[in-house]
Structure formats: C-alpha cells, structure tokens
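To be precise, the following lines are target-v9.pdb, and they hold PDB, C-alpha atoms.
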```pdb
MODEL        1
ATOM      1  CA  ALA M   1      97.284 172.996 101.141
ATOM      2  CA  ASP M   2     100.422 174.401 102.659
ATOM      3  CA  THR M   3      99.349 175.927 105.974
ATOM      4  CA  THR M   4     102.853 176.554 107.288
ATOM      5  CA  THR M   5     104.025 180.099 107.720
ATOM      6  CA  SER M   6     107.355 181.619 106.870
ATOM      7  CA  SER M   7     108.226 183.860 109.796
ATOM      8  CA  SER M   8     111.602 184.796 108.321
ATOM      9  CA  THR M   9     110.211 186.191 105.079
ATOM     10  CA  THR M  10     109.691 189.704 106.395
ATOM     11  CA  THR M  11     112.637 190.168 108.727
ATOM     12  CA  GLY M  12     115.038 192.986 108.046
ATOM     13  CA  LEU M  13     112.765 194.773 105.558
ATOM     14  CA  VAL M  14     113.675 198.416 105.938
ATOM     15  CA  PRO M  15     112.083 200.832 103.434
ATOM     16  CA  SER M  16     114.636 202.831 101.441
ATOM     17  CA  THR M  17     112.315 205.845 101.366
ATOM     18  CA  PRO M  18     109.525 206.885 103.754
ATOM     19  CA  PRO M  19     106.971 204.078 103.435
ATOM     20  CA  ASN M  20     104.006 206.415 103.041
ATOM     21  CA  GLN M  21     105.580 207.921  99.913
ATOM     22  CA  PRO M  22     104.905 206.451  96.461
ATOM     23  CA  GLN M  23     107.726 204.214  95.321
ATOM     24  CA  THR M  24     108.409 201.379  92.913
ATOM     25  CA  THR M  25     110.711 198.567  94.000
ATOM     26  CA  ASN M  26     110.074 196.053  91.206
ATOM     27  CA  ASP M  27     111.347 195.987  87.630
ATOM     28  CA  ILE M  28     109.013 198.356  85.771
ATOM     29  CA  ASN M  29     109.142 195.977  82.776
ATOM     30  CA  TYR M  30     107.823 193.111  84.892
ATOM     31  CA  GLY M  31     105.120 191.155  83.073
ATOM     32  CA  LYS M  32     105.687 192.919  79.747
ATOM     33  CA  GLY M  33     103.207 191.532  77.232
ATOM     34  CA  GLU M  34     101.856 189.020  79.759
ATOM     35  CA  LYS M  35      98.808 188.644  81.981
ATOM     36  CA  ILE M  36      99.560 189.333  85.641
ATOM     37  CA  THR M  37      97.586 188.759  88.838
ATOM     38  CA  VAL M  38      97.445 191.247  91.694
ATOM     39  CA  LEU M  39      96.139 190.161  95.093
ATOM     40  CA  HIS M  40      94.612 192.979  97.144
ATOM     41  CA  VAL M  41      94.105 192.217 100.855
ATOM     42  CA  ALA M  42      91.971 194.430 103.103
ATOM     43  CA  GLU M  43      91.469 194.332 106.860
ATOM     44  CA  LYS M  44      87.806 193.312 106.650
ATOM     45  CA  PRO M  45      85.294 192.235 104.002
ATOM     46  CA  SER M  46      83.442 195.563 103.803
ATOM     47  CA  ILE M  47      86.697 197.307 102.854
ATOM     48  CA  SER M  48      87.488 194.705 100.187
ATOM     49  CA  LEU M  49      84.077 195.375  98.642
ATOM     50  CA  ALA M  50      84.766 199.129  98.606
ATOM     51  CA  ILE M  51      88.176 198.507  97.007
ATOM     52  CA  MET M  52      86.566 196.394  94.304
ATOM     53  CA  LYS M  53      84.068 199.153  93.514
ATOM     54  CA  GLY M  54      86.825 201.757  93.516
ATOM     55  CA  LEU M  55      89.176 199.842  91.230
ATOM     56  CA  ILE M  56      86.733 198.943  88.463
ATOM     57  CA  PRO M  57      87.494 201.510  85.731
ATOM     58  CA  SER M  58      84.706 203.658  84.349
ATOM     59  CA  GLY M  59      83.279 201.743  81.425
ATOM     60  CA  GLY M  60      85.406 198.784  82.478
ATOM     61  CA  PRO M  61      84.450 195.184  83.206
ATOM     62  CA  THR M  62      80.967 194.569  84.504
ATOM     63  CA  ASN M  63      81.536 190.891  85.206
ATOM     64  CA  VAL M  64      83.026 190.393  88.662
ATOM     65  CA  ASP M  65      83.550 186.806  89.748
ATOM     66  CA  GLN M  66      82.509 186.187  93.329
ATOM     67  CA  LYS M  67      84.526 183.423  94.965
ATOM     68  CA  GLY M  68      85.431 182.275  98.447
ATOM     69  CA  GLY M  69      83.039 181.826 101.343
ATOM     70  CA  LYS M  70      80.518 184.176 102.895
ATOM     71  CA  SER M  71      82.865 185.224 105.686
ATOM     72  CA  LEU M  72      85.853 186.105 103.463
ATOM     73  CA  PRO M  73      84.588 186.663  99.912
ATOM     74  CA  VAL M  74      86.893 187.093  96.922
ATOM     75  CA  HIS M  75      86.070 189.590  94.160
ATOM     76  CA  GLU M  76      87.910 189.058  90.866
ATOM     77  CA  PHE M  77      87.899 190.903  87.559
ATOM     78  CA  THR M  78      90.296 191.505  84.645
ATOM     79  CA  THR M  79      91.376 194.800  83.091
ATOM     80  CA  SER M  80      93.337 195.614  79.969
ATOM     81  CA  GLY M  81      97.070 196.269  79.939
ATOM     82  CA  GLY M  82      98.596 199.256  81.691
ATOM     83  CA  ASN M  83      95.967 199.313  84.416
ATOM     84  CA  PHE M  84      98.318 198.324  87.237
ATOM     85  CA  PRO M  85     100.774 201.188  87.826
ATOM     86  CA  LYS M  86     103.650 198.950  88.965
ATOM     87  CA  ALA M  87     103.502 196.820  85.786
ATOM     88  CA  PRO M  88     102.236 199.195  83.081
ATOM     89  CA  LYS M  89     103.486 196.998  80.217
ATOM     90  CA  ALA M  90     101.452 193.926  81.180
ATOM     91  CA  SER M  91      98.858 192.905  78.597
ATOM     92  CA  LYS M  92      96.110 192.179  81.159
ATOM     93  CA  CYS M  93      95.711 192.425  84.911
ATOM     94  CA  VAL M  94      93.602 190.100  87.042
ATOM     95  CA  HIS M  95      92.580 191.883  90.246
ATOM     96  CA  ARG M  96      91.832 189.449  93.072
ATOM     97  CA  ILE M  97      90.417 191.303  96.085
ATOM     98  CA  THR M  98      89.793 189.749  99.486
ATOM     99  CA  SER M  99      90.375 190.415 103.178
ATOM    100  CA  VAL M 100      91.212 189.050 106.559
ATOM    101  CA  ALA M 101      89.041 189.656 109.632
ATOM    102  CA  GLY M 102      91.398 191.657 111.827
ATOM    103  CA  HIS M 103      94.520 190.017 113.216
ATOM    104  CA  VAL M 104      95.635 186.757 111.651
ATOM    105  CA  PHE M 105      97.695 185.783 114.706
ATOM    106  CA  SER M 106      97.552 186.318 118.454
ATOM    107  CA  VAL M 107     100.410 186.106 120.933
ATOM    108  CA  ASP M 108     100.398 184.417 124.325
ATOM    109  CA  PHE M 109     102.782 183.051 126.925
ATOM    110  CA  PRO M 110     103.713 179.342 126.834
ATOM    111  CA  PRO M 111     101.640 177.102 129.151
ATOM    112  CA  GLN M 112     104.267 177.124 131.922
ATOM    113  CA  PHE M 113     103.811 180.897 132.302
ATOM    114  CA  GLN M 114     100.010 180.993 132.275
ATOM    115  CA  SER M 115      99.291 180.150 135.903
ATOM    116  CA  TRP M 116      98.927 183.363 137.889
ATOM    117  CA  GLU M 117      99.235 181.357 141.115
ATOM    118  CA  SER M 118     102.631 179.783 140.384
ATOM    119  CA  VAL M 119     104.327 182.402 138.205
ATOM    120  CA  ASP M 120     105.938 185.537 139.573
ATOM    121  CA  PRO M 121     104.609 188.427 137.440
ATOM    122  CA  ALA M 122     108.140 189.786 137.187
ATOM    123  CA  GLU M 123     109.125 186.673 135.218
ATOM    124  CA  LEU M 124     106.707 187.634 132.459
ATOM    125  CA  PHE M 125     108.884 190.582 131.456
ATOM    126  CA  HIS M 126     111.487 188.083 130.236
ATOM    127  CA  ALA M 127     109.234 185.185 129.266
ATOM    128  CA  PRO M 128     109.008 184.077 125.626
ATOM    129  CA  VAL M 129     105.780 184.506 123.681
ATOM    130  CA  GLN M 130     104.162 182.228 121.140
ATOM    131  CA  LYS M 131     102.408 183.330 117.957
ATOM    132  CA  LYS M 132      99.229 181.369 117.317
ATOM    133  CA  PRO M 133      96.779 181.561 114.401
ATOM    134  CA  ASN M 134      93.459 183.084 115.383
ATOM    135  CA  LYS M 135      91.791 180.889 112.768
ATOM    136  CA  GLY M 136      93.642 178.361 110.656
ATOM    137  CA  SER M 137      91.055 178.825 107.934
ATOM    138  CA  VAL M 138      92.184 182.440 107.426
ATOM    139  CA  ILE M 139      95.760 181.319 106.784
ATOM    140  CA  LYS M 140      94.572 178.712 104.270
ATOM    141  CA  HIS M 141      92.368 181.332 102.612
ATOM    142  CA  LEU M 142      95.305 183.738 102.210
ATOM    143  CA  GLN M 143      97.569 181.016 100.904
ATOM    144  CA  ASP M 144      94.995 179.839  98.376
ATOM    145  CA  CYS M 145      94.507 183.415  97.158
ATOM    146  CA  ALA M 146      98.226 184.255  97.014
ATOM    147  CA  ARG M 147      99.490 181.174  95.245
ATOM    148  CA  ASN M 148     101.363 182.235  92.069
ATOM    149  CA  VAL M 149     100.201 185.863  92.147
ATOM    150  CA  ASP M 150     102.591 188.462  90.736
ATOM    151  CA  PHE M 151     101.893 191.291  93.200
ATOM    152  CA  ILE M 152     100.349 191.764  96.639
ATOM    153  CA  VAL M 153      98.795 195.088  97.624
ATOM    154  CA  LEU M 154      97.967 195.548 101.312
ATOM    155  CA  TRP M 155      94.972 197.727 102.246
ATOM    156  CA  MET M 156      94.985 197.619 106.050
ATOM    157  CA  ASP M 157      94.014 200.560 108.225
ATOM    158  CA  CYS M 158      96.715 203.212 108.285
ATOM    159  CA  ASP M 159      97.745 202.817 111.913
ATOM    160  CA  ARG M 160     100.170 200.659 113.882
ATOM    161  CA  GLU M 161      97.698 197.833 114.245
ATOM    162  CA  GLY M 162      97.012 197.805 110.523
ATOM    163  CA  GLU M 163     100.739 197.804 109.790
ATOM    164  CA  ASN M 164     101.188 194.829 112.095
ATOM    165  CA  ILE M 165      98.433 192.951 110.265
ATOM    166  CA  ASN M 166     100.185 193.705 106.960
ATOM    167  CA  PHE M 167     103.183 191.680 108.055
ATOM    168  CA  GLU M 168     101.022 188.915 109.513
ATOM    169  CA  VAL M 169      99.520 188.531 106.042
ATOM    170  CA  LEU M 170     102.961 188.491 104.421
ATOM    171  CA  ASP M 171     104.222 185.899 106.894
ATOM    172  CA  CYS M 172     101.374 183.647 105.757
ATOM    173  CA  CYS M 173     101.631 183.908 102.033
ATOM    174  CA  MET M 174     104.412 186.029 100.528
ATOM    175  CA  HIS M 175     106.512 182.917  99.922
ATOM    176  CA  LEU M 176     103.765 181.548  97.651
ATOM    177  CA  MET M 177     103.954 184.383  95.128
ATOM    178  CA  LYS M 178     105.194 183.654  91.618
ATOM    179  CA  SER M 179     108.987 183.604  91.634
ATOM    180  CA  SER M 180     110.958 185.948  89.398
ATOM    181  CA  THR M 181     114.573 186.075  88.274
ATOM    182  CA  SER M 182     114.523 189.885  88.217
ATOM    183  CA  ASP M 183     112.724 190.666  91.482
ATOM    184  CA  SER M 184     112.381 189.291  94.988
ATOM    185  CA  ASN M 185     108.837 188.652  96.173
ATOM    186  CA  TYR M 186     109.003 191.584  98.586
ATOM    187  CA  ASN M 187     109.921 193.925  95.737
ATOM    188  CA  ARG M 188     106.456 193.143  94.367
ATOM    189  CA  VAL M 189     104.620 193.862  97.626
ATOM    190  CA  TYR M 190     102.989 197.284  98.070
ATOM    191  CA  ARG M 191     100.930 199.099 100.643
ATOM    192  CA  ALA M 192      98.030 201.472  99.942
ATOM    193  CA  HIS M 193      97.700 204.547 102.169
ATOM    194  CA  PHE M 194      94.142 205.860 102.352
ATOM    195  CA  SER M 195      91.860 207.747 104.736
ATOM    196  CA  ALA M 196      88.484 207.152 103.078
ATOM    197  CA  ILE M 197      86.946 204.379 100.977
ATOM    198  CA  ASN M 198      85.026 206.310  98.346
ATOM    199  CA  PRO M 199      86.081 205.495  94.755
ATOM    200  CA  SER M 200      88.150 208.650  94.262
ATOM    201  CA  ASP M 201      90.213 208.012  97.402
ATOM    202  CA  ILE M 202      90.675 204.348  96.454
ATOM    203  CA  GLN M 203      91.960 205.423  93.034
ATOM    204  CA  LYS M 204      94.278 208.010  94.579
ATOM    205  CA  ALA M 205      95.795 205.398  96.913
ATOM    206  CA  TYR M 206      96.048 202.860  94.089
ATOM    207  CA  HIS M 207      98.142 205.212  91.964
ATOM    208  CA  ALA M 208     100.441 206.194  94.857
ATOM    209  CA  LEU M 209     101.376 202.808  96.327
ATOM    210  CA  GLY M 210     104.235 202.725  98.837
ATOM    211  CA  LYS M 211     105.713 199.996 101.008
ATOM    212  CA  PRO M 212     104.593 198.474 104.336
ATOM    213  CA  ASP M 213     106.477 199.858 107.332
ATOM    214  CA  LYS M 214     108.204 197.195 109.459
ATOM    215  CA  ASN M 215     109.312 199.845 111.960
ATOM    216  CA  GLN M 216     105.821 200.677 113.258
TER     217      GLN M 216
ENDMDL
END
```
For this file, write the structure as structure tokens.
Amino acid sequence: ADTTTSSSTTTGLVPSTPPNQPQTTNDINYGKGEKITVLHVAEKPSISLAIMKGLIPSGGPTNVDQKGGKSLPVHEFTTSGGNFPKAPKASKCVHRITSVAGHVFSVDFPPQFQSWESVDPAELFHAPVQKKPNKGSVIKHLQDCARNVDFIVLWMDCDREGENINFEVLDCCMHLMKSSTSDSNYNRVYRAHFSAINPSDIQKAYHALGKPDKNQ
C-alpha cells in the first residue's frame, strides 16, 4: 500500500465563503446515473458509530457491513439515489464511515535540537520542525478507505484542533480519491459542522456541509 503522504495537496486552500456556511464546490451533476462512494471520517470511533446511526434513513438499509479492525472500525451501507446532497443525481451512494484516533501526526524538533544541555533555548524559536506519523497503521487505514472514493466528508470536532486534524487526514489520502475531469479532488471534500451527535443533529450537519478551514 502507498503509505506516502502528499503534504502539498492542501496548501493554498482558501474557502471562497465562510467555511461554516453550507456550500457546494463540485459539479452538481457529478455521478449522474452512477454509484458513488462517500468516505466519512470522524475524530474517534464512537463518533463514527453515531454518524452511521444518524445517516441511515428511516426505513432504509438494515444491513451495515462492519469492516476494519477493532481499533478503527469501518461501517458501510448503500442508499438509493439522491441521498447525498452534493451529488443528488447519483443512482446509489455507498457510505463508508470510519475514524482516526485523534491526531494523525505529531511535530518535533530534529535530533540536533533535542538536547536541552547543548541547545540554546533561543535557537528553538527558529529551528525547523518535523512532522511524524503517530501510528503508521492509521495512515494506511485512511489510504485503504479513501482509495477511489468520490467524496470525503470530515467530521472532526468543531474547534482548532479538529480543523488541524481535518487537514492531516487530507494530507494522507486526498490524492487517492477518484480523479475527475470536471472537478479537483478538493472540490469534492466537505466538512460537517455539528455540536451534538444525536441523529437529528447529524442529519442537520449532513444537509448543510461546508468546507474545512485552513486558516484556523
């Protein structure tokens, strides 16, 4: 599996409207008459489970495939066309719901700056930092889940830390989305804004998707 990351994929992404406002950046005819796959990524497994319960339509599918491992499960089910608001003309929508476990990456100083005895603390203000995966298995998990999906919906906590994790996820796997001649991958990335995880709030956020905010 490709475990490299694409750190340049999310640079210079400035929302054209306030990111917490509903907006559509992809071609609304995307996936017309076709089956599409939407990857939903939450900040932790308990939230992904709540999202799954909130997204299953009343009277909808009762068969939910459980995939992945115990630590980062994947819930998957299929709905009929028009269910995904950003591609209402698709014939079917596969919802693939999973999570990370907090931050995907950590940052630290290079080895030459890690000795408190030999490094002047003032040097640290100008020292470079390195981004390191917290767990390589999380990156592989995201990449396996994101490969050839049509859309990514990010469900991180609505704070600065959650927004940072959004872009860590995109750095891992946005480049693996299905390519399109009409849309860039980022045009098919959305962010859910929610304050509670009961089904009604999940549905409200789902139908008012905005964009992740790089400026936070």
**OP:** Can you work out which one of M:Thr37, M:Asn215, M:Ser137, M:Ser118 has the shortest atom-to-atom distance to Lys178 (chain M), counting only C-alpha atoms?
**Re:** M:Thr37
Original post:
Hey, which of M:Ile97, M:Leu176, M:Ile197, M:Ile139 ends up closest to Val153 (chain M)? Count all atoms listed in the file.
Top reply: M:Ile97
**OP:** Determine, counting only C-alpha atoms, which protein, DNA and RNA residues have an atom within 10 Å of an atom of Asn83 (chain M); residues of the same chain fewer than 2 positions away are not included. Present the result as a list in words.
**Re:** Leu55, Pro57, Thr78, Thr79, Ser80, Gly81, Pro85, Lys86, Ala87, Pro88, Lys89, Ala90, Ser91, Lys92, Cys93, Val94 and His207 of chain M
Original post:
Which is closest to Ser179 (chain M) among M:His193, M:Lys70, M:Arg147, M:Lys204, if we use all atoms listed in the file?
Top reply: M:Arg147
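When all atoms listed in the file are used to compute distances to Ala42 (chain M), the closest of the residues M:Asp144, M:Asp150, M:Asp157, M:Asp65 turns out to be M:Asp157.
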Enclose all atoms of region 42-46 of chain M listed in the file in an axis-aligned box, grow every side by 6 Å, and hand back centre and edge lengths in Å to one decimal, as AutoDock Vina command-line options.
```
--center_x 87.7 --center_y 193.9 --center_z 105.0 --size_x 20.5 --size_y 15.3 --size_z 15.8
```
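CA of Gly162 (chain M) is positioned 28.0 Å from CA of Ser180 (chain M).
Residue nearest Gly210 (chain M), chosen from M:Val169, M:Val100, M:Ala192, M:Cys158 and counting all atoms listed in the file: M:Ala192.
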Original post:
Please, what distance in Å, to one decimal, runs between CA of Asp27 (chain M) and CA of Asn185 (chain M)?
Top reply: 11.5 Å
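Each of M:His141, M:His103, M:Lys35, M:His75 was compared to Met156 (chain M) using all atoms listed in the file, and M:His103 turns out to be the nearest.
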Shell of 12 Å around Asn166 (chain M), all atoms listed in the file, local chain residues under 2 positions omitted, as a CSV table (one decimal) with C-alpha atoms, in the frame of the given file:
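So the final result, stored in part_5.csv, reads:
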```csv
chain,number,residue,atom,x,y,z
M,10,THR,CA,109.7,189.7,106.4
M,40,HIS,CA,94.6,193.0,97.1
M,41,VAL,CA,94.1,192.2,100.9
M,42,ALA,CA,92.0,194.4,103.1
M,43,GLU,CA,91.5,194.3,106.9
M,99,SER,CA,90.4,190.4,103.2
M,100,VAL,CA,91.2,189.0,106.6
M,102,GLY,CA,91.4,191.7,111.8
M,103,HIS,CA,94.5,190.0,113.2
M,104,VAL,CA,95.6,186.8,111.7
M,105,PHE,CA,97.7,185.8,114.7
M,152,ILE,CA,100.3,191.8,96.6
M,153,VAL,CA,98.8,195.1,97.6
M,154,LEU,CA,98.0,195.5,101.3
M,155,TRP,CA,95.0,197.7,102.2
M,156,MET,CA,95.0,197.6,106.0
M,157,ASP,CA,94.0,200.6,108.2
M,158,CYS,CA,96.7,203.2,108.3
M,159,ASP,CA,97.7,202.8,111.9
M,160,ARG,CA,100.2,200.7,113.9
M,161,GLU,CA,97.7,197.8,114.2
M,162,GLY,CA,97.0,197.8,110.5
M,163,GLU,CA,100.7,197.8,109.8
M,164,ASN,CA,101.2,194.8,112.1
M,168,GLU,CA,101.0,188.9,109.5
M,169,VAL,CA,99.5,188.5,106.0
M,170,LEU,CA,103.0,188.5,104.4
M,171,ASP,CA,104.2,185.9,106.9
M,172,CYS,CA,101.4,183.6,105.8
M,173,CYS,CA,101.6,183.9,102.0
M,174,MET,CA,104.4,186.0,100.5
M,189,VAL,CA,104.6,193.9,97.6
M,190,TYR,CA,103.0,197.3,98.1
M,191,ARG,CA,100.9,199.1,100.6
M,192,ALA,CA,98.0,201.5,99.9
M,211,LYS,CA,105.7,200.0,101.0
M,212,PRO,CA,104.6,198.5,104.3
M,213,ASP,CA,106.5,199.9,107.3
M,214,LYS,CA,108.2,197.2,109.5
M,216,GLN,CA,105.8,200.7,113.3
```
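Between CA of Leu72 (chain M) and CA of Ile165 (chain M) there is a distance of 15.9 Å.
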Original post:
Once you count all atoms listed in the file, which residues end up no further than 6 Å from (84.0, 191.8, 95.6) in the file's frame, shown as a ChimeraX atom specification?
Top reply: /M:49,52,74-75
**OP:** May I have the protein, DNA and RNA residues with an atom at most 7 Å from (105.9, 192.5, 91.0), counting only C-alpha atoms in the file's coordinates, returned as a PyMOL selection string?
**Re:** chain M and resi 26+30+150-151+187-189
**OP:** For the structure shown, which residues end up in the PyMOL selection byres ((chain M and resi 198) around 9)? Put them as a PyMOL selection string, please?
**Re:** chain M and resi 50-51+53-54+196-197+199-203
Would you mind exporting region 56-89 of chain M with N, CA and C atoms, as a CSV table (one decimal), in the first residue's frame?
```
chain,number,residue,atom,x,y,z
M,56,ILE,N,-28.3,6.6,8.5
M,56,ILE,CA,-29.2,5.6,8.0
M,56,ILE,C,-30.6,6.1,7.9
M,57,PRO,N,-31.2,6.2,6.7
M,57,PRO,CA,-32.5,6.8,6.6
M,57,PRO,C,-33.6,6.0,7.3
M,58,SER,N,-34.6,6.6,7.7
M,58,SER,CA,-35.7,5.9,8.3
M,58,SER,C,-36.3,4.9,7.3
M,59,GLY,N,-36.4,3.7,7.7
M,59,GLY,CA,-36.9,2.6,6.7
M,59,GLY,C,-35.8,2.3,5.7
M,60,GLY,N,-34.6,2.7,5.9
M,60,GLY,CA,-33.5,2.5,4.9
M,60,GLY,C,-32.9,1.2,5.2
M,61,PRO,N,-31.6,1.0,4.7
M,61,PRO,CA,-30.9,-0.3,4.8
M,61,PRO,C,-30.7,-0.7,6.2
M,62,THR,N,-30.9,-2.0,6.4
M,62,THR,CA,-30.7,-2.5,7.8
M,62,THR,C,-29.4,-3.3,7.8
M,63,ASN,N,-28.8,-3.6,6.6
M,63,ASN,CA,-27.6,-4.3,6.6
M,63,ASN,C,-26.4,-3.4,6.5
M,64,VAL,N,-25.6,-3.3,7.6
M,64,VAL,CA,-24.4,-2.5,7.6
M,64,VAL,C,-23.2,-3.4,7.7
M,65,ASP,N,-22.4,-3.3,6.7
M,65,ASP,CA,-21.1,-4.1,6.7
M,65,ASP,C,-20.2,-3.5,7.7
M,66,GLN,N,-19.6,-4.4,8.6
M,66,GLN,CA,-18.6,-4.0,9.5
M,66,GLN,C,-17.3,-4.5,9.0
M,67,LYS,N,-16.4,-3.5,8.8
M,67,LYS,CA,-15.1,-3.9,8.3
M,67,LYS,C,-14.0,-3.2,9.2
M,68,GLY,N,-12.7,-3.4,8.7
M,68,GLY,CA,-11.6,-2.8,9.5
M,68,GLY,C,-11.4,-3.6,10.8
M,69,GLY,N,-10.5,-3.1,11.6
M,69,GLY,CA,-10.1,-3.7,12.8
M,69,GLY,C,-10.9,-3.2,14.0
M,70,LYS,N,-10.7,-3.7,15.2
M,70,LYS,CA,-11.4,-3.3,16.4
M,70,LYS,C,-11.1,-1.9,16.8
M,71,SER,N,-9.9,-1.4,16.5
M,71,SER,CA,-9.5,-0.1,17.0
M,71,SER,C,-10.1,1.0,16.1
M,72,LEU,N,-10.1,0.7,14.8
M,72,LEU,CA,-10.7,1.7,13.8
M,72,LEU,C,-11.7,1.0,12.9
M,73,PRO,N,-12.9,0.7,13.4
M,73,PRO,CA,-13.8,0.0,12.6
M,73,PRO,C,-14.3,0.9,11.4
M,74,VAL,N,-14.9,0.2,10.4
M,74,VAL,CA,-15.5,0.8,9.2
M,74,VAL,C,-16.9,0.3,9.1
M,75,HIS,N,-17.8,1.3,9.0
M,75,HIS,CA,-19.3,0.9,8.9
M,75,HIS,C,-19.6,1.3,7.4
M,76,GLU,N,-20.3,0.4,6.7
M,76,GLU,CA,-20.6,0.7,5.3
M,76,GLU,C,-22.0,0.2,4.9
M,77,PHE,N,-22.7,1.1,4.3
M,77,PHE,CA,-24.0,0.8,3.8
M,77,PHE,C,-24.3,1.6,2.5
M,78,THR,N,-25.3,1.1,1.8
M,78,THR,CA,-25.7,1.8,0.5
M,78,THR,C,-27.1,2.3,0.5
M,79,THR,N,-27.3,3.5,0.0
M,79,THR,CA,-28.6,4.1,-0.1
M,79,THR,C,-29.0,4.4,-1.6
M,80,SER,N,-30.2,4.6,-1.8
M,80,SER,CA,-30.7,4.9,-3.2
M,80,SER,C,-30.3,6.3,-3.6
M,81,GLY,N,-30.4,6.5,-4.9
M,81,GLY,CA,-30.0,7.8,-5.5
M,81,GLY,C,-30.6,9.0,-4.8
M,82,GLY,N,-29.9,10.1,-4.9
M,82,GLY,CA,-30.3,11.4,-4.3
M,82,GLY,C,-30.1,11.6,-2.8
M,83,ASN,N,-29.5,10.5,-2.2
M,83,ASN,CA,-29.3,10.6,-0.8
M,83,ASN,C,-28.2,11.5,-0.4
M,84,PHE,N,-27.2,11.6,-1.2
M,84,PHE,CA,-26.1,12.5,-0.9
M,84,PHE,C,-26.3,13.9,-1.5
M,85,PRO,N,-26.4,14.9,-0.6
M,85,PRO,CA,-26.8,16.2,-1.1
M,85,PRO,C,-25.9,16.9,-2.1
M,86,LYS,N,-24.6,16.5,-2.2
M,86,LYS,CA,-23.7,17.1,-3.1
M,86,LYS,C,-23.7,16.4,-4.5
M,87,ALA,N,-24.3,15.2,-4.6
M,87,ALA,CA,-24.4,14.5,-5.8
M,87,ALA,C,-25.9,13.9,-5.9
M,88,PRO,N,-26.9,14.8,-6.0
M,88,PRO,CA,-28.3,14.3,-5.9
M,88,PRO,C,-28.7,13.4,-7.1
M,89,LYS,N,-27.9,13.4,-8.2
M,89,LYS,CA,-28.3,12.7,-9.4
M,89,LYS,C,-27.7,11.3,-9.5
```
